[in-house]
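This is my_file-v3.cif (mmCIF, C-alpha atoms).
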```cif
data_work
#
loop_
_atom_site.group_PDB
_atom_site.id
_atom_site.type_symbol
_atom_site.label_atom_id
_atom_site.label_comp_id
_atom_site.auth_asym_id
_atom_site.auth_seq_id
_atom_site.Cartn_x
_atom_site.Cartn_y
_atom_site.Cartn_z
ATOM 1 C CA MET A 8 -96.443 -22.297 -31.978
ATOM 2 C CA THR A 9 -92.821 -21.635 -31.244
ATOM 3 C CA HIS A 10 -90.339 -18.788 -31.356
ATOM 4 C CA LEU A 11 -88.180 -17.703 -34.264
ATOM 5 C CA ASN A 12 -84.933 -18.524 -32.454
ATOM 6 C CA LYS A 13 -86.009 -22.207 -32.194
ATOM 7 C CA MET A 14 -86.153 -22.671 -35.983
ATOM 8 C CA GLN A 15 -83.540 -24.760 -37.774
ATOM 9 C CA PRO A 16 -81.886 -23.546 -40.993
ATOM 10 C CA GLY A 17 -84.176 -24.242 -43.948
ATOM 11 C CA GLN A 18 -87.394 -24.214 -41.915
ATOM 12 C CA LYS A 19 -90.232 -21.902 -42.870
ATOM 13 C CA GLY A 20 -93.108 -20.522 -40.881
ATOM 14 C CA LYS A 21 -95.580 -17.689 -40.472
ATOM 15 C CA VAL A 22 -95.177 -14.798 -38.048
ATOM 16 C CA ILE A 23 -97.950 -14.853 -35.429
ATOM 17 C CA GLY A 24 -96.934 -11.949 -33.188
ATOM 18 C CA PHE A 25 -94.559 -10.788 -30.467
ATOM 19 C CA THR A 26 -94.196 -11.865 -26.840
ATOM 20 C CA ASP A 27 -93.391 -8.348 -25.653
ATOM 21 C CA ASP A 28 -94.160 -4.830 -26.841
ATOM 22 C CA ASN A 29 -90.909 -2.924 -26.608
ATOM 23 C CA ARG A 30 -88.669 -0.890 -28.899
ATOM 24 C CA ILE A 31 -87.082 -4.009 -30.425
ATOM 25 C CA SER A 32 -90.434 -5.502 -31.419
ATOM 26 C CA ARG A 33 -91.516 -2.150 -32.867
ATOM 27 C CA ARG A 34 -88.275 -1.974 -34.866
ATOM 28 C CA LEU A 35 -88.850 -5.506 -36.185
ATOM 29 C CA LEU A 36 -92.316 -4.399 -37.332
ATOM 30 C CA GLU A 37 -90.702 -1.497 -39.200
ATOM 31 C CA LEU A 38 -88.308 -3.959 -40.876
ATOM 32 C CA GLY A 39 -91.192 -6.082 -42.175
ATOM 33 C CA VAL A 40 -91.508 -8.774 -39.513
ATOM 34 C CA VAL A 41 -95.282 -8.425 -39.316
ATOM 35 C CA PRO A 42 -97.958 -10.973 -38.385
ATOM 36 C CA GLY A 43 -99.073 -13.070 -41.329
ATOM 37 C CA ARG A 44 -95.779 -12.879 -43.271
ATOM 38 C CA GLU A 45 -93.820 -15.965 -44.239
ATOM 39 C CA VAL A 46 -90.338 -16.239 -42.733
ATOM 40 C CA GLU A 47 -87.476 -18.626 -43.499
ATOM 41 C CA HIS A 48 -84.417 -19.328 -41.349
ATOM 42 C CA VAL A 49 -81.586 -19.163 -43.880
ATOM 43 C CA ARG A 50 -78.507 -19.887 -41.733
ATOM 44 C CA ASN A 51 -76.644 -19.173 -38.520
ATOM 45 C CA ALA A 52 -73.369 -17.296 -38.232
ATOM 46 C CA PRO A 53 -70.279 -19.448 -37.529
ATOM 47 C CA LEU A 54 -70.613 -19.026 -33.749
ATOM 48 C CA ASN A 55 -74.411 -19.588 -33.960
ATOM 49 C CA ASP A 56 -75.352 -15.946 -33.312
ATOM 50 C CA PRO A 57 -76.764 -13.986 -35.138
ATOM 51 C CA MET A 58 -79.159 -15.868 -37.371
ATOM 52 C CA GLU A 59 -80.120 -14.854 -40.885
ATOM 53 C CA ILE A 60 -83.786 -14.885 -41.853
ATOM 54 C CA GLN A 61 -85.545 -14.107 -45.094
ATOM 55 C CA ILE A 62 -88.884 -12.355 -44.976
ATOM 56 C CA GLY A 63 -90.297 -11.450 -48.349
ATOM 57 C CA SER A 64 -87.390 -10.400 -50.549
ATOM 58 C CA CYS A 65 -85.411 -9.018 -47.592
ATOM 59 C CA CYS A 66 -82.730 -10.800 -45.557
ATOM 60 C CA LEU A 67 -82.231 -9.783 -41.927
ATOM 61 C CA SER A 68 -79.677 -10.782 -39.313
ATOM 62 C CA LEU A 69 -81.136 -11.088 -35.824
ATOM 63 C CA ARG A 70 -79.591 -11.975 -32.503
ATOM 64 C CA HIS A 71 -81.197 -15.020 -30.932
ATOM 65 C CA ALA A 72 -82.346 -12.816 -28.028
ATOM 66 C CA GLU A 73 -84.274 -10.616 -30.479
ATOM 67 C CA ALA A 74 -85.621 -13.612 -32.404
ATOM 68 C CA SER A 75 -86.944 -15.131 -29.164
ATOM 69 C CA MET A 76 -89.554 -12.339 -29.026
ATOM 70 C CA VAL A 77 -91.123 -13.370 -32.359
ATOM 71 C CA THR A 78 -93.834 -16.036 -32.143
ATOM 72 C CA ILE A 79 -94.215 -18.175 -35.252
ATOM 73 C CA GLU A 80 -96.194 -21.122 -36.540
ATOM 74 C CA LEU A 81 -94.014 -23.613 -38.420
ATOM 75 C CA ASP A 82 -95.057 -24.917 -41.821
ATOM 76 C CA ASP A 83 -95.721 -28.654 -41.985
#
```
Please re-express this file's structure in structure tokens.
Amino acid sequence: MTHLNKMQPGQKGKVIGFTDDNRISRRLLELGVVPGREVEHVRNAPLNDPMEIQIGSCCLSLRHAEASMVTIELDD
């Protein structure tokens, strides 16, 4: 297991959960970042923050600080 902010562009994984229960993690749940969903790191912004992820048919931009709260399991 690792965190979403540790993924490299092009990597895929499955959302396991969150490291903290706060308003940001609740907002991510509302946006579709829920346990069991597949997530792909699409690319980083030119200065490396934020990162773009694809979850389902939706693309989201997350700061690395927000992404560090999402625990994932990388695909082999």
For this session: For region 22-39 of chain A, please output as a PyMOL selection string all residues within 8 Å (counting only C-alpha atoms; exclusion window: fewer than 4 positions along the same chain).
Result: chain A and resi 43-46+62+73+76-80
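Take the candidates A:Pro42, A:Lys19, A:Ser75, A:Leu81 and check each one against Ile60 (chain A) using all atoms listed in the file; the shortest distance goes to A:Lys19.
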Exercise. Can you list, as a PyMOL selection string, the residues that the PyMOL selection byres ((chain A and resi 13) around 9) selects here?
Worked result: chain A and resi 9-12+14-15+71+74-75
For this session: Go ahead and compute the interatomic distance for CA of Pro53 (chain A) and CA of Lys21 (chain A), in Å to one decimal.
Result: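 Going from CA of Pro53 (chain A) over to CA of Lys21 (chain A) covers 25.5 Å.
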Exercise. From the set A:Asn55, A:Val41, A:Gln18, A:Asp82, which residue has the shortest atom-to-atom contact distance to Ser68 (chain A), counting only C-alpha atoms?
Worked result: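 Closest to Ser68 (chain A) of all the choices is A:Asn55.
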For this session: Using the chain letters and numbers from the file, give me the residues hit by the PyMOL selection byres ((chain A and resi 69) around 6), as JSON, numbers by chain.
Result: {"A": [57, 58, 68, 70]}
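Relative to CA of Asp56 (chain A), CA of Val40 (chain A) is found at 18.7 Å.
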